Amino acid sequence: MQVLLFDIDGTLIDAGGAGQAAMEQAIAREFGETRPVFDIPAAGRTDRAIGRDLFDYYSIPATDANWSRYVQTYLSLLPVSLREREGGILPGVVTLLERLARREDVFLGLLTGNFVEGARLKLQHYGLHDHFRMGGFGDEHLERDDVARQAFATLQDHLPEVATTDIWVIGDTPSDVRCARAIGARAVAVATGMFSAEQLAPCNADVLLSDLTNADEWLISLGL
């Protein structure tokens, strides 16, 4: 059994900045803060970490009540934000997922920094959600490596005997490669996000692709 754990933003979809816009709108609606946001990176990070940085940026007390208000409002605004932006599914994704879904020797999951509900909303918006059976998400963890560990623990509930060498993490950032290594998995880096193939090369992923239309050689090597 080959286990493929996919990142979402920059790997499966380009949401057109919908997530970031909804986060900033949630801060404005709940806490009245509208100053432009600078120097808060998002690529490869968890929604928990990005939200923490937004709270720090605006000096919002990080109480449980404030966090709950922020998350609930973000998730209520995200569907509208997705509809308003010209995002899309990235090249090769639909064909790849449909090919893999037909196989009984492939298990598809997610390994993403998105909140679990944010992941669902994004993937349902683009018609991709039903391909995935489990995942690791960014609700609780600040570090992507911890999300990978969570994903591996959840995976073991489905496949108790799974070997880490049969797990692949597919993502578009150096963080995706690093978190794969944190659980002993292999990594596919795909240059469809903010990082070019040249920028991803030093991460030493097992496979480096320009986009997922070029996955045939990798899949053939796996017998898929």
# chains A, B, ... in the order shown; residues from 1 in each chain; ligands from 1
call {"tool": "closest_atom_pairs", "arguments": {"of": "range 89-170 of chain A", "to": "range 208-220 of chain A", "cutoff": "12 Å", "atoms": "only C-alpha atoms", "output": "tab-separated table"}}
result
residue	atom	partner	partner_atom	distance
A:Ile89	CA	A:Leu212	CA	11.0
A:Leu90	CA	A:Leu212	CA	8.0
A:Pro91	CA	A:Thr213	CA	6.0
A:Gly92	CA	A:Thr213	CA	4.1
A:Val93	CA	A:Leu212	CA	6.1
A:Val94	CA	A:Leu212	CA	9.4
A:Thr95	CA	A:Thr213	CA	8.2
A:Leu96	CA	A:Leu212	CA	7.3
A:Leu97	CA	A:Leu212	CA	10.1
A:Arg99	CA	A:Leu219	CA	10.2
A:Leu100	CA	A:Leu219	CA	9.5
A:Val106	CA	A:Leu219	CA	11.0
A:Trp168	CA	A:Trp218	CA	11.2
A:Val169	CA	A:Leu208	CA	11.9
A:Ile170	CA	A:Leu208	CA	9.8
call {"tool": "select_by_dssp", "arguments": {"residues": "range 4-219 of chain A", "states": "strand (DSSP E or B)", "output": "list in words"}}
result
Leu4, Leu5, Phe6, Asp9, Ile13, Asp14, Gly88, Ile89, Val106, Phe107, Leu108, Gly109, Leu110, Leu111, Gly135, Gly136, Ile167, Trp168, Val169, Ile170, Gly171, Arg186, Ala187, Val188, Ala189, Val190, Val207, Leu208 and Leu209 of chain A
call {"tool": "write_last_selection", "arguments": {"atoms": "C-alpha atoms", "output": "PDB file, in the first residue's frame"}}
result
ATOM      1  CA  LEU A   4       0.142   9.726  -0.502  1.00  0.00           C
ATOM      2  CA  LEU A   5      -0.398  12.744   1.768  1.00  0.00           C
ATOM      3  CA  PHE A   6      -1.069  15.965  -0.121  1.00  0.00           C
ATOM      4  CA  ASP A   9      -2.497  25.425  -1.148  1.00  0.00           C
ATOM      5  CA  ILE A  13      -5.162  24.449  -5.624  1.00  0.00           C
ATOM      6  CA  ASP A  14      -4.397  28.118  -6.005  1.00  0.00           C
ATOM      7  CA  GLY A  88      -8.373  27.204  -9.530  1.00  0.00           C
ATOM      8  CA  ILE A  89      -7.161  23.638  -9.436  1.00  0.00           C
ATOM      9  CA  VAL A 106      -3.199   3.595  -2.855  1.00  0.00           C
ATOM     10  CA  PHE A 107      -4.401   5.451   0.241  1.00  0.00           C
ATOM     11  CA  LEU A 108      -4.947   9.192  -0.186  1.00  0.00           C
ATOM     12  CA  GLY A 109      -4.751  11.669   2.681  1.00  0.00           C
ATOM     13  CA  LEU A 110      -3.892  15.264   3.495  1.00  0.00           C
ATOM     14  CA  LEU A 111      -0.989  16.885   5.286  1.00  0.00           C
ATOM     15  CA  GLY A 135      -5.304  14.046   7.295  1.00  0.00           C
ATOM     16  CA  GLY A 136      -3.115  16.127   9.540  1.00  0.00           C
ATOM     17  CA  ILE A 167       4.395   7.201   2.852  1.00  0.00           C
ATOM     18  CA  TRP A 168       4.875  10.095   0.453  1.00  0.00           C
ATOM     19  CA  VAL A 169       4.306  13.750   1.321  1.00  0.00           C
ATOM     20  CA  ILE A 170       3.532  15.900  -1.722  1.00  0.00           C
ATOM     21  CA  GLY A 171       3.915  19.650  -1.270  1.00  0.00           C
ATOM     22  CA  ARG A 186       9.584  10.318   1.353  1.00  0.00           C
ATOM     23  CA  ALA A 187       8.841  13.639  -0.316  1.00  0.00           C
ATOM     24  CA  VAL A 188       7.710  15.008  -3.649  1.00  0.00           C
ATOM     25  CA  ALA A 189       8.342  18.720  -4.099  1.00  0.00           C
ATOM     26  CA  VAL A 190       6.225  20.387  -6.767  1.00  0.00           C
ATOM     27  CA  VAL A 207      11.242  13.695  -6.461  1.00  0.00           C
ATOM     28  CA  LEU A 208      11.124  17.255  -7.815  1.00  0.00           C
ATOM     29  CA  LEU A 209       8.383  18.140 -10.316  1.00  0.00           C
TER      30      LEU A 209
END
call {"tool": "select_by_dssp", "arguments": {"residues": "chain A", "states": "alpha helix (DSSP H)", "output": "compact mmCIF listing (two decimals) with C-alpha atoms, in the first residue's frame"}}
result
# COMPACT_ATOMS: atom_id res chain seq x y z
CA ALA A 18 -8.83 33.62 -0.35
CA GLY A 19 -7.53 32.27 2.94
CA GLN A 20 -5.34 35.25 3.77
CA ALA A 21 -8.09 37.67 2.80
CA ALA A 22 -10.62 35.89 5.04
CA MET A 23 -8.15 35.90 7.95
CA GLU A 24 -7.60 39.64 7.67
CA GLN A 25 -11.33 40.25 7.29
CA ALA A 26 -11.96 38.19 10.44
CA ILE A 27 -9.48 40.32 12.39
CA ALA A 28 -11.16 43.48 11.10
CA ARG A 29 -14.67 42.29 11.91
CA GLU A 30 -13.93 40.93 15.39
CA PHE A 31 -11.26 43.35 16.64
CA ASP A 47 -3.11 28.38 10.19
CA ARG A 48 -2.49 28.29 13.94
CA ALA A 49 0.94 29.89 13.50
CA ILE A 50 -0.30 32.49 11.02
CA GLY A 51 -3.17 33.40 13.36
CA ARG A 52 -0.79 33.72 16.30
CA ASP A 53 1.37 36.11 14.27
CA LEU A 54 -1.68 38.17 13.33
CA PHE A 55 -2.63 38.45 17.00
CA ASP A 56 0.92 39.54 17.83
CA TYR A 57 0.99 42.02 14.92
CA TYR A 58 -2.16 43.74 16.14
CA ASP A 64 -9.18 31.31 24.23
CA ALA A 65 -12.27 33.47 23.74
CA ASN A 66 -10.54 35.78 21.27
CA TRP A 67 -9.10 32.84 19.37
CA SER A 68 -12.49 31.16 19.12
CA ARG A 69 -14.07 34.38 17.81
CA TYR A 70 -11.36 34.75 15.21
CA VAL A 71 -11.50 31.15 13.96
CA GLN A 72 -15.29 31.00 13.77
CA THR A 73 -15.45 34.27 11.85
CA TYR A 74 -12.63 33.24 9.51
CA LEU A 75 -14.42 30.02 8.66
CA SER A 76 -17.70 31.87 8.07
CA LEU A 77 -15.97 34.29 5.69
CA LEU A 78 -13.83 31.77 3.80
CA PRO A 79 -16.57 30.43 1.45
CA VAL A 80 -17.38 33.97 0.31
CA SER A 81 -13.72 34.77 -0.13
CA LEU A 82 -13.26 31.64 -2.26
CA ARG A 83 -16.17 32.62 -4.50
CA GLU A 84 -14.87 36.16 -4.92
CA VAL A 93 -4.26 17.49 -10.12
CA VAL A 94 -7.63 16.19 -11.32
CA THR A 95 -6.13 13.61 -13.65
CA LEU A 96 -3.69 12.44 -10.96
CA LEU A 97 -6.30 12.10 -8.22
CA GLU A 98 -8.74 10.29 -10.49
CA ARG A 99 -5.97 7.89 -11.56
CA LEU A 100 -4.99 7.18 -7.96
CA ALA A 101 -8.58 6.86 -6.72
CA VAL A 116 -9.49 21.02 9.30
CA GLU A 117 -12.67 22.94 8.48
CA GLY A 118 -10.78 25.37 6.26
CA ALA A 119 -9.33 22.42 4.34
CA ARG A 120 -12.81 20.98 3.87
CA LEU A 121 -14.21 24.29 2.64
CA LYS A 122 -11.40 24.83 0.15
CA LEU A 123 -11.45 21.32 -1.25
CA GLN A 124 -15.24 21.18 -1.47
CA HIS A 125 -15.23 24.50 -3.31
CA ARG A 144 4.50 21.66 10.32
CA ASP A 145 6.60 18.76 11.66
CA ASP A 146 4.06 18.29 14.45
CA VAL A 147 1.26 18.24 11.88
CA ALA A 148 3.12 15.43 10.11
CA ARG A 149 3.35 13.49 13.37
CA GLN A 150 -0.38 14.00 13.91
CA ALA A 151 -1.09 12.80 10.38
CA PHE A 152 1.03 9.69 10.92
CA ALA A 153 -0.79 8.87 14.17
CA THR A 154 -4.15 9.27 12.44
CA LEU A 155 -2.97 7.18 9.52
CA GLN A 156 -2.08 4.34 11.88
CA ASP A 157 -5.74 4.18 12.93
CA HIS A 158 -6.54 3.28 9.32
CA PRO A 174 10.61 23.34 1.89
CA SER A 175 8.42 22.82 4.97
CA ASP A 176 6.62 19.98 3.22
CA VAL A 177 9.91 18.21 2.58
CA ARG A 178 11.13 18.78 6.13
CA CYS A 179 7.93 17.48 7.71
CA ALA A 180 8.11 14.36 5.55
CA ARG A 181 11.58 13.71 6.98
CA ALA A 182 10.23 14.25 10.51
CA ALA A 197 12.16 24.32 -8.87
CA GLU A 198 15.56 25.98 -8.38
CA GLN A 199 14.56 27.12 -4.89
CA LEU A 200 13.22 23.69 -3.98
CA ASP A 216 4.17 9.72 -14.67
CA GLU A 217 7.79 8.70 -14.12
CA TRP A 218 7.39 8.86 -10.34
CA LEU A 219 4.14 6.89 -10.41
CA ILE A 220 5.60 4.24 -12.71
CA SER A 221 8.50 3.83 -10.28
call {"tool": "atom_distance", "arguments": {"atom1": "CA of Met134 in chain A", "atom2": "CA of Asp7 in chain A"}}
result
12.3 Å
call {"tool": "residues_around", "arguments": {"residues": "Phe115 in chain A", "least_positions_apart": "4", "cutoff": "6 Å", "atoms": "only C-alpha atoms", "output": "JSON, numbers by chain"}}
result
{"A": [137, 138, 139]}
call {"tool": "closest_residue", "arguments": {"among": "A:Met194, A:Ala15, A:Arg133, A:Ala205", "to": "Arg85 in chain A", "atoms": "only C-alpha atoms"}}
result
A:Ala15
call {"tool": "atom_distance", "arguments": {"atom1": "CA of Thr165 in chain A", "atom2": "CA of Phe195 in chain A"}}
result
25.6 Å
call {"tool": "decode", "arguments": {"residues": "range 186-223 of chain A", "atoms": "C-alpha atoms", "output": "PDB file, in the first residue's frame"}}
result
ATOM      1  CA  ARG A 186       9.584  10.318   1.353  1.00  0.00           C
ATOM      2  CA  ALA A 187       8.841  13.639  -0.316  1.00  0.00           C
ATOM      3  CA  VAL A 188       7.710  15.008  -3.649  1.00  0.00           C
ATOM      4  CA  ALA A 189       8.342  18.720  -4.099  1.00  0.00           C
ATOM      5  CA  VAL A 190       6.225  20.387  -6.767  1.00  0.00           C
ATOM      6  CA  ALA A 191       7.026  23.879  -8.031  1.00  0.00           C
ATOM      7  CA  THR A 192       3.473  25.173  -8.353  1.00  0.00           C
ATOM      8  CA  GLY A 193       3.485  27.466  -5.331  1.00  0.00           C
ATOM      9  CA  MET A 194       5.718  30.320  -4.212  1.00  0.00           C
ATOM     10  CA  PHE A 195       8.954  28.357  -4.645  1.00  0.00           C
ATOM     11  CA  SER A 196      10.557  27.645  -8.003  1.00  0.00           C
ATOM     12  CA  ALA A 197      12.162  24.322  -8.873  1.00  0.00           C
ATOM     13  CA  GLU A 198      15.560  25.985  -8.381  1.00  0.00           C
ATOM     14  CA  GLN A 199      14.565  27.119  -4.891  1.00  0.00           C
ATOM     15  CA  LEU A 200      13.216  23.689  -3.982  1.00  0.00           C
ATOM     16  CA  ALA A 201      16.215  21.736  -5.284  1.00  0.00           C
ATOM     17  CA  PRO A 202      18.404  22.268  -2.169  1.00  0.00           C
ATOM     18  CA  CYS A 203      15.691  20.597  -0.038  1.00  0.00           C
ATOM     19  CA  ASN A 204      16.719  17.253  -1.587  1.00  0.00           C
ATOM     20  CA  ALA A 205      13.220  15.899  -2.054  1.00  0.00           C
ATOM     21  CA  ASP A 206      13.103  12.367  -3.415  1.00  0.00           C
ATOM     22  CA  VAL A 207      11.242  13.695  -6.461  1.00  0.00           C
ATOM     23  CA  LEU A 208      11.124  17.255  -7.815  1.00  0.00           C
ATOM     24  CA  LEU A 209       8.383  18.140 -10.316  1.00  0.00           C
ATOM     25  CA  SER A 210       7.546  21.319 -12.171  1.00  0.00           C
ATOM     26  CA  ASP A 211       3.860  20.441 -11.714  1.00  0.00           C
ATOM     27  CA  LEU A 212       1.687  17.370 -11.290  1.00  0.00           C
ATOM     28  CA  THR A 213       1.222  16.867 -15.032  1.00  0.00           C
ATOM     29  CA  ASN A 214       4.771  15.465 -14.905  1.00  0.00           C
ATOM     30  CA  ALA A 215       4.126  12.739 -12.319  1.00  0.00           C
ATOM     31  CA  ASP A 216       4.172   9.719 -14.666  1.00  0.00           C
ATOM     32  CA  GLU A 217       7.792   8.705 -14.119  1.00  0.00           C
ATOM     33  CA  TRP A 218       7.388   8.865 -10.341  1.00  0.00           C
ATOM     34  CA  LEU A 219       4.140   6.886 -10.414  1.00  0.00           C
ATOM     35  CA  ILE A 220       5.599   4.238 -12.708  1.00  0.00           C
ATOM     36  CA  SER A 221       8.501   3.826 -10.277  1.00  0.00           C
ATOM     37  CA  LEU A 222       5.892   3.015  -7.607  1.00  0.00           C
ATOM     38  CA  GLY A 223       4.114   0.550  -9.847  1.00  0.00           C
TER      39      GLY A 223
END
